[in-house]
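Enquirer: File entry_35.txt below, compact mmCIF, C-alpha atoms:
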```txt
# COMPACT_ATOMS: atom_id res chain seq x y z
CA MET A 154 -13.90 -3.09 -40.04
CA ILE A 155 -17.49 -3.82 -41.05
CA VAL A 156 -20.38 -2.95 -38.78
CA MET A 157 -23.11 -5.58 -39.04
CA THR A 158 -25.63 -4.55 -36.38
CA LYS A 159 -25.92 -1.32 -34.49
CA ASP A 160 -27.98 -0.18 -31.55
CA THR A 161 -27.87 2.78 -29.19
CA MET A 162 -29.01 2.92 -25.59
CA ASP A 163 -29.31 5.91 -23.30
CA ILE A 164 -28.17 5.31 -19.75
CA VAL A 165 -29.62 7.94 -17.47
CA ARG A 166 -30.51 6.07 -14.30
CA GLU A 167 -29.41 3.03 -12.37
CA GLN A 168 -32.40 0.98 -13.52
CA ASP A 169 -31.14 1.25 -17.13
CA VAL A 170 -28.12 -0.90 -16.26
CA VAL A 171 -29.80 -4.33 -16.11
CA PRO A 172 -31.64 -3.95 -19.47
CA PHE A 173 -28.36 -2.71 -20.97
CA ARG A 174 -26.48 -5.77 -19.68
CA ASN A 175 -29.21 -7.99 -21.10
CA ARG A 176 -28.87 -6.26 -24.47
CA VAL A 177 -25.11 -6.93 -24.48
CA ARG A 178 -25.85 -10.56 -23.63
CA GLU A 179 -28.30 -10.76 -26.55
CA PHE A 180 -25.62 -9.45 -28.90
CA GLY A 181 -23.14 -11.97 -27.54
CA THR A 182 -25.55 -14.86 -27.90
CA ARG A 183 -26.42 -13.78 -31.43
CA ILE A 184 -22.81 -14.08 -32.62
CA GLY A 185 -22.24 -17.31 -30.67
CA MET A 186 -19.87 -15.87 -28.06
CA SER A 187 -19.04 -18.34 -25.27
CA LEU A 188 -20.48 -17.82 -21.82
CA VAL A 189 -17.11 -16.91 -20.28
CA ASN A 190 -16.43 -14.27 -22.92
CA GLN A 191 -19.95 -12.92 -22.60
CA THR A 192 -19.52 -12.70 -18.83
CA LYS A 193 -16.19 -10.86 -19.20
CA LEU A 194 -17.64 -8.38 -21.67
CA ILE A 195 -20.79 -7.74 -19.65
CA THR A 196 -18.81 -7.30 -16.43
CA ALA A 197 -16.52 -4.79 -18.14
CA ALA A 198 -19.58 -3.04 -19.59
CA SER A 199 -21.15 -2.94 -16.15
CA GLU A 200 -18.07 -1.21 -14.70
CA LEU A 201 -17.98 1.37 -17.49
CA VAL A 202 -21.67 2.12 -17.37
CA ARG A 203 -21.46 2.61 -13.60
CA ASN A 204 -18.65 5.13 -14.06
CA MET A 205 -20.80 6.96 -16.57
CA LEU A 206 -23.72 7.18 -14.13
CA LYS A 207 -21.57 8.04 -11.15
CA TYR A 208 -19.26 10.65 -12.59
CA ALA A 209 -21.21 12.04 -15.55
CA ASN A 210 -24.87 11.51 -14.61
CA GLY A 211 -25.24 9.09 -17.49
CA GLY A 212 -24.55 9.05 -21.19
CA LYS A 213 -25.11 6.77 -24.11
CA VAL A 214 -23.76 3.48 -25.33
CA ILE A 215 -23.46 2.31 -28.92
CA LEU A 216 -23.57 -1.47 -29.30
CA GLU A 217 -22.23 -2.93 -32.54
CA VAL A 218 -21.53 -6.33 -33.99
CA ILE A 219 -18.35 -5.89 -36.00
CA SER A 220 -16.33 -8.02 -38.35
CA HIS A 221 -12.65 -7.58 -39.04
CA ASN A 222 -10.15 -9.95 -40.68
CA ALA A 223 -12.64 -12.83 -40.55
CA LYS A 224 -13.18 -12.22 -36.84
CA THR A 225 -16.55 -11.33 -35.37
CA GLY A 226 -16.91 -9.35 -32.18
CA ILE A 227 -18.80 -6.77 -30.24
CA ARG A 228 -17.82 -3.13 -29.93
CA LEU A 229 -19.27 -0.97 -27.19
CA THR A 230 -18.77 2.78 -27.18
CA PHE A 231 -19.58 4.62 -23.96
CA SER A 232 -19.78 8.38 -24.29
CA ASP A 233 -20.68 10.97 -21.74
CA GLN A 234 -20.56 14.74 -21.33
CA GLY A 235 -19.24 14.59 -17.80
CA PRO A 236 -16.30 16.36 -16.20
CA GLY A 237 -13.72 14.20 -18.01
CA ILE A 238 -10.67 12.52 -16.53
CA PRO A 239 -7.75 14.89 -15.84
CA ASP A 240 -5.12 12.16 -15.37
CA ILE A 241 -5.88 9.05 -17.42
CA ALA A 242 -2.73 7.18 -16.34
CA GLN A 243 -3.73 7.61 -12.71
CA ALA A 244 -7.35 6.58 -13.40
CA MET A 245 -6.12 3.39 -15.09
CA ARG A 246 -4.11 2.35 -12.03
CA ASP A 247 -5.49 -0.44 -9.82
CA GLY A 248 -6.82 0.86 -6.55
CA PHE A 249 -7.11 4.49 -7.56
CA SER A 250 -10.53 6.04 -7.06
CA THR A 251 -11.87 9.53 -6.58
CA GLY A 252 -15.16 7.95 -5.53
CA ARG A 253 -15.69 5.64 -2.61
CA SER A 254 -14.94 2.43 -4.50
CA LEU A 255 -12.29 -0.23 -4.88
CA GLY A 256 -10.74 1.50 -7.87
CA LEU A 257 -10.96 -1.62 -10.01
CA GLY A 258 -13.47 -0.34 -12.55
CA LEU A 259 -11.32 1.06 -15.35
CA PRO A 260 -8.21 -1.15 -15.04
CA GLY A 261 -10.41 -4.21 -14.39
CA ALA A 262 -12.58 -3.50 -17.42
CA LYS A 263 -9.45 -3.14 -19.54
CA ARG A 264 -8.19 -6.56 -18.42
CA LEU A 265 -11.50 -8.19 -19.28
CA VAL A 266 -11.76 -7.13 -22.92
CA ASN A 267 -9.55 -7.56 -25.98
CA GLU A 268 -9.31 -3.91 -26.95
CA PHE A 269 -9.76 -0.85 -24.79
CA ASP A 270 -9.50 2.80 -25.70
CA LEU A 271 -10.16 5.78 -23.48
CA LYS A 272 -10.35 9.37 -24.64
CA SER A 273 -11.21 12.18 -22.31
CA THR A 274 -11.21 15.94 -22.40
CA PRO A 275 -11.62 17.68 -19.04
CA GLY A 276 -14.78 19.75 -19.09
CA GLU A 277 -16.15 18.04 -22.19
CA GLY A 278 -16.53 14.37 -21.47
CA THR A 279 -15.18 10.87 -21.82
CA THR A 280 -15.47 8.18 -24.48
CA VAL A 281 -14.47 4.61 -23.80
CA THR A 282 -14.47 2.07 -26.61
CA VAL A 283 -14.07 -1.64 -25.96
CA ILE A 284 -13.99 -4.57 -28.37
CA HIS A 285 -14.34 -8.20 -27.42
CA TRP A 286 -13.99 -10.88 -30.08
CA LYS A 287 -16.24 -13.88 -30.26
CA HIS A 288 -13.45 -16.26 -29.24
CA GLY A 289 -11.91 -13.84 -26.75
CA ARG A 290 -8.80 -13.12 -28.83
CA MET B 30 -39.67 -1.15 -3.17
CA GLU B 31 -38.11 -4.36 -4.44
CA ARG B 32 -36.30 -6.47 -1.82
CA ILE B 33 -34.35 -9.72 -1.65
CA PRO B 34 -35.98 -12.02 0.92
CA ILE B 35 -33.89 -13.22 3.86
CA LEU B 36 -34.84 -16.53 5.47
CA LYS B 37 -33.93 -17.57 9.00
CA MET B 38 -33.00 -21.21 9.44
CA GLY B 39 -31.85 -22.12 12.94
CA PRO B 40 -28.81 -20.01 13.77
CA PHE B 41 -28.28 -19.02 10.12
CA LEU B 42 -29.68 -16.56 7.63
CA LEU B 43 -30.21 -17.68 4.04
CA VAL B 44 -30.34 -15.45 1.02
CA THR B 45 -30.90 -16.66 -2.51
CA ILE B 46 -30.30 -14.01 -5.11
CA GLN B 47 -32.49 -14.92 -8.06
CA ILE B 48 -32.08 -11.82 -10.17
CA ASP B 49 -29.28 -9.65 -11.46
CA LEU B 50 -28.85 -6.97 -8.85
CA TYR B 51 -28.74 -3.31 -9.57
CA ASP B 52 -26.83 -1.16 -7.13
CA ARG B 53 -29.62 0.08 -4.91
CA LEU B 54 -31.05 -3.40 -4.46
CA ALA B 55 -27.62 -4.68 -3.44
CA LEU B 56 -27.21 -1.86 -0.92
CA THR B 57 -30.67 -2.59 0.49
CA LEU B 58 -29.73 -6.25 0.89
CA GLU B 59 -26.50 -5.31 2.69
CA ASN B 60 -28.48 -3.13 5.08
CA ASP B 61 -31.29 -5.66 5.63
CA LEU B 62 -28.84 -8.48 6.28
CA ILE B 63 -26.86 -6.60 8.89
CA ASN B 64 -30.07 -5.58 10.66
CA MET B 65 -31.27 -9.19 10.59
CA VAL B 66 -27.97 -10.43 12.04
CA SER B 67 -28.37 -7.93 14.84
CA GLN B 68 -32.04 -8.72 15.50
CA THR B 69 -31.80 -12.51 15.34
CA GLY B 70 -28.30 -13.02 16.72
CA ALA B 71 -27.59 -15.22 13.71
CA ARG B 72 -24.20 -16.94 13.72
CA GLY B 73 -23.90 -17.39 9.99
CA VAL B 74 -25.04 -15.89 6.70
CA LEU B 75 -25.31 -18.00 3.56
CA ILE B 76 -25.66 -16.21 0.24
CA ASP B 77 -26.55 -18.30 -2.79
CA ILE B 78 -25.46 -16.60 -6.01
CA SER B 79 -25.98 -19.57 -8.35
CA ALA B 80 -28.53 -17.58 -10.37
CA VAL B 81 -26.33 -14.49 -10.61
CA SER B 82 -24.65 -14.16 -13.99
CA ILE B 83 -22.64 -10.99 -13.32
CA VAL B 84 -20.58 -10.00 -10.28
CA ASP B 85 -18.81 -6.73 -10.92
CA SER B 86 -16.59 -4.72 -8.56
CA PHE B 87 -19.57 -3.08 -6.90
CA MET B 88 -21.35 -6.34 -6.18
CA GLY B 89 -18.03 -7.81 -5.03
CA ARG B 90 -17.58 -4.93 -2.63
CA ILE B 91 -21.08 -5.50 -1.24
CA LEU B 92 -20.31 -9.17 -0.61
CA GLY B 93 -17.08 -8.17 1.13
CA ASN B 94 -18.90 -5.55 3.20
CA ILE B 95 -21.53 -8.05 4.30
CA ALA B 96 -18.81 -10.48 5.39
CA SER B 97 -16.83 -7.84 7.32
CA MET B 98 -19.87 -6.36 9.01
CA SER B 99 -21.26 -9.79 9.92
CA ARG B 100 -17.91 -10.84 11.35
CA ILE B 101 -17.85 -7.83 13.62
CA MET B 102 -21.26 -8.99 14.80
CA ASP B 103 -19.99 -12.53 15.36
CA ALA B 104 -21.47 -14.15 12.26
CA GLU B 105 -19.59 -15.85 9.42
CA THR B 106 -20.54 -15.33 5.79
CA VAL B 107 -20.34 -17.96 3.09
CA VAL B 108 -21.07 -17.30 -0.59
CA VAL B 109 -22.14 -20.39 -2.50
CA GLY B 110 -22.89 -21.50 -6.04
CA MET B 111 -20.71 -19.10 -7.99
CA GLN B 112 -20.87 -19.85 -11.71
CA PRO B 113 -17.49 -20.80 -13.26
CA ALA B 114 -17.67 -17.92 -15.76
CA VAL B 115 -18.23 -15.51 -12.88
CA ALA B 116 -15.24 -16.89 -10.96
CA ILE B 117 -12.96 -16.54 -14.01
CA THR B 118 -14.16 -12.99 -14.57
CA LEU B 119 -13.74 -11.96 -10.92
CA VAL B 120 -10.11 -13.02 -10.85
CA GLU B 121 -9.31 -11.14 -14.06
CA LEU B 122 -11.14 -8.12 -12.77
CA GLY B 123 -8.82 -8.24 -9.77
CA LEU B 124 -11.40 -9.01 -7.11
CA THR B 125 -10.41 -11.66 -4.60
CA LEU B 126 -13.38 -11.49 -2.19
CA GLN B 127 -11.11 -11.36 0.83
CA GLY B 128 -12.71 -12.39 4.08
CA VAL B 129 -15.61 -14.09 2.31
CA HIS B 130 -15.88 -17.86 2.72
CA THR B 131 -17.00 -19.69 -0.39
CA ALA B 132 -18.46 -23.13 -1.02
CA LEU B 133 -19.54 -24.97 -4.13
CA ASN B 134 -23.20 -25.32 -3.23
CA VAL B 135 -25.75 -24.69 -0.48
CA GLU B 136 -25.15 -28.09 1.13
CA LYS B 137 -21.39 -27.57 1.41
CA GLY B 138 -21.98 -24.01 2.56
CA MET B 139 -24.22 -25.15 5.39
CA GLU B 140 -21.63 -27.74 6.34
CA LEU B 141 -18.96 -25.05 6.48
CA LEU B 142 -21.13 -22.80 8.66
CA ASN B 143 -21.98 -25.70 10.97
CA ASN B 144 -18.29 -26.51 11.34
CA LYS B 145 -17.47 -22.89 12.08
CA LEU B 146 -20.21 -22.81 14.68
CA GLY B 147 -19.04 -26.13 16.16
CA ASP B 148 -15.49 -24.80 16.51
CA ASN B 149 -16.70 -21.99 18.70
CA LEU B 150 -18.91 -24.05 20.97
CA GLU B 151 -17.83 -25.75 24.19
CA PRO B 152 -17.21 -29.44 23.63
CA ASP B 153 -20.52 -31.10 24.37
CA ASP B 154 -20.29 -34.48 26.10
CA GLU B 155 -23.93 -34.88 26.93
CA GLU B 156 -24.95 -36.18 23.57
CA GLU B 157 -22.87 -39.34 24.02
CA GLU B 158 -24.06 -39.94 27.55
CA ASP B 159 -27.63 -39.59 26.41
CA GLN B 160 -27.36 -42.69 24.30
CA ASP B 161 -28.09 -45.03 27.20
CA ASP B 162 -30.83 -47.61 27.08
CA ARG B 163 -34.27 -46.12 27.35
CA ASN B 164 -36.14 -49.34 26.89
CA ASP B 165 -37.47 -49.52 30.39
```
Taking this structure as input, can you express it in the form of structure tokens?
Expert:
Amino acid sequence: MIVMTKDTMDIVREQDVVPFRNRVREFGTRIGMSLVNQTKLITAASELVRNMLKYANGGKVILEVISHNAKTGIRLTFSDQGPGIPDIAQAMRDGFSTGRSLGLGLPGAKRLVNEFDLKSTPGEGTTVTVIHWKHGR
Amino acid sequence: MERIPILKMGPFLLVTIQIDLYDRLALTLENDLINMVSQTGARGVLIDISAVSIVDSFMGRILGNIASMSRIMDAETVVVGMQPAVAITLVELGLTLQGVHTALNVEKGMELLNNKLGDNLEPDDEEEEDQDDRND
């Protein structure tokens, strides 16, 4: 896996979300990702960044253009120092929410991207890594 | 504070969302719209999202809320102009926008609202009778 471009953004308040989404779109446009795949990735990113703000008071996101086996894609790493997720299996289930939401955020985000990885330690924080390839597969 | 303008057109309220919404702006819109429905007695709400490139679960919930709240206040909601990429993404996300009417564009949306309004009105015979000769 080769990292071609890298950028980091701090997400500390709600107003940081729109510039962050625009940055993801820029990355997508730069590698020639189709509009549908861009929309999927940005929507997933939007869900994950909202979780970060809501449950952990923010965190940071690393944006990378990566290349692997002649495929180009975007990797986003969301890390926070929030309370962590005690039961990941439960959090990944459709309709489950500890907040007052639809409970689609995590499972929905997972469906929208090609690769999804969630690591969480209660009391320490959560890191979610997603990869979406240029051609969506 | 930033706000999305709401226009009144006859018995309907029109909203064109021209920017990507952040959460507080969406909540403000929800609140403003419901207040407007109550103040104006509007029978329909048309929301144009043709310039919106991202609808995530939060925004989807807001649209659903607006529709449910408006319905309780006797107004129908129609969302128009959804971009194809947004529609594809919404379905994969798992959001079905239940209770929200949709139409391809503003024109079709208005038609839908007019039909809904027509369904609820008493059949009106006067219009036909009025077409007598007024030449004298």
Enquirer: Using all atoms listed in the file, which residue out of A:Gly256, A:Gly289, A:Pro236, A:Gly212 lies closest to chain B?
Expert: A:Gly256
Enquirer: In Å to one decimal, how far is atom CA of A:His288 from atom CA of A:Asn190?
Expert: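 Interatomic distance here is 7.3 Å.
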Enquirer: Please identify all residues of chain B having at least one atom at most 9 Å from any atom of chain A, considering only C-alpha atoms, and return them as a list in words.
Expert: Asp49, Leu50, Tyr51, Asp52, Arg53, Ser82, Ile83, Val84, Asp85, Ser86, Phe87, Arg90, Pro113, Ala114, Val115, Ile117, Thr118, Leu119, Glu121, Leu122, Gly123 and Leu124 of chain B
Enquirer: What does the distance from atom CA of A:Leu206 to atom CA of A:Arg228 come to in Å, to one decimal?
Expert: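 Atom CA of A:Arg228 lies 19.8 Å from atom CA of A:Leu206.
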Enquirer: With all atoms listed in the file as the atoms that count, which of A:Thr158, A:Thr274, A:Ser250, A:Gln234 lies nearest to A:Glu179?
Expert: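 When distances to A:Glu179 are compared using all atoms listed in the file, the smallest one comes from A:Thr158.
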Enquirer: Grab the atom CA of B:Met65 to atom CA of B:Lys37 distance for me, in Å with one decimal place.
Expert: 8.9 Å
Enquirer: Using all atoms listed in the file, which residue out of A:Val214, A:Met205, A:Ile184, A:Ala242 lies closest to A:Trp286?
Expert: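 Among the listed residues, A:Ile184 lies closest to A:Trp286.
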Enquirer: Within 7 Å of stretch 91-99 of chain B, counting only C-alpha atoms, which residues qualify if same-chain residues fewer than 4 places away don't, as a list in words?
Expert: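 Non-adjacent residues within range: Ala55, Glu59, Ile63, Phe87, Asp103, Ala104, Glu105, Thr106, Leu126, Gln127, Gly128 and Val129 of chain B.
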Enquirer: Show me, as a list in words, the residues that have an atom within 10 Å of A:Pro239 when counting all atoms listed in the file, minus same-chain residues fewer than 6 positions from it.
Expert: Ser273, Thr274, Pro275 and Gly276 of chain A
Enquirer: So that I can see what lies close to A:Gly237, please list as a list in words the residues with an atom at most 12 Å from it, counting all atoms listed in the file and leaving out residues fewer than 3 positions away in the same chain.
Expert: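 Returned residues: Asn204, Met205, Tyr208, Ala209, Asn210, Ser232, Asp233, Gln234, Asp240, Ile241, Ala244, Leu271, Lys272, Ser273, Thr274, Pro275, Gly276, Glu277, Gly278, Thr279, Thr280 and Val281 of chain A.
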Enquirer: Pick out the residues sitting within 6 Å of A:Thr282, and hand them over as a ChimeraX atom specification; count only C-alpha atoms, and ignore anything fewer than 5 positions along from it in its own chain.
Expert: /A:229-230,269-270
Enquirer: Compare B:His130, B:Val135, B:Gly147, B:Pro40 by their minimum atom-to-atom distance to B:Val66, counting all atoms listed in the file, and give me the closest one.
Expert: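 Smallest distance to B:Val66 is found for B:Pro40.
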Enquirer: Extract, using all atoms listed in the file, all DNA, RNA and protein residues at most 7 Å from stretch 44-46 of chain B, discarding same-chain residues fewer than 2 positions from it, and format them as a PDB file with C-alpha atoms, in the frame of the given file.
Expert:
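Wrote it out as part_36.pdb, contents follow:
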```
ATOM      1  CA  ILE B  33     -34.350  -9.720  -1.650  1.00  0.00           C
ATOM      2  CA  PRO B  34     -35.980 -12.020   0.920  1.00  0.00           C
ATOM      3  CA  ILE B  35     -33.890 -13.220   3.860  1.00  0.00           C
ATOM      4  CA  LEU B  36     -34.840 -16.530   5.470  1.00  0.00           C
ATOM      5  CA  LEU B  42     -29.680 -16.560   7.630  1.00  0.00           C
ATOM      6  CA  ILE B  48     -32.080 -11.820 -10.170  1.00  0.00           C
ATOM      7  CA  LEU B  75     -25.310 -18.000   3.560  1.00  0.00           C
ATOM      8  CA  ILE B  76     -25.660 -16.210   0.240  1.00  0.00           C
ATOM      9  CA  ASP B  77     -26.550 -18.300  -2.790  1.00  0.00           C
ATOM     10  CA  ILE B  78     -25.460 -16.600  -6.010  1.00  0.00           C
ATOM     11  CA  ALA B  80     -28.530 -17.580 -10.370  1.00  0.00           C
ATOM     12  CA  VAL B  81     -26.330 -14.490 -10.610  1.00  0.00           C
TER      13      VAL B  81
END
```
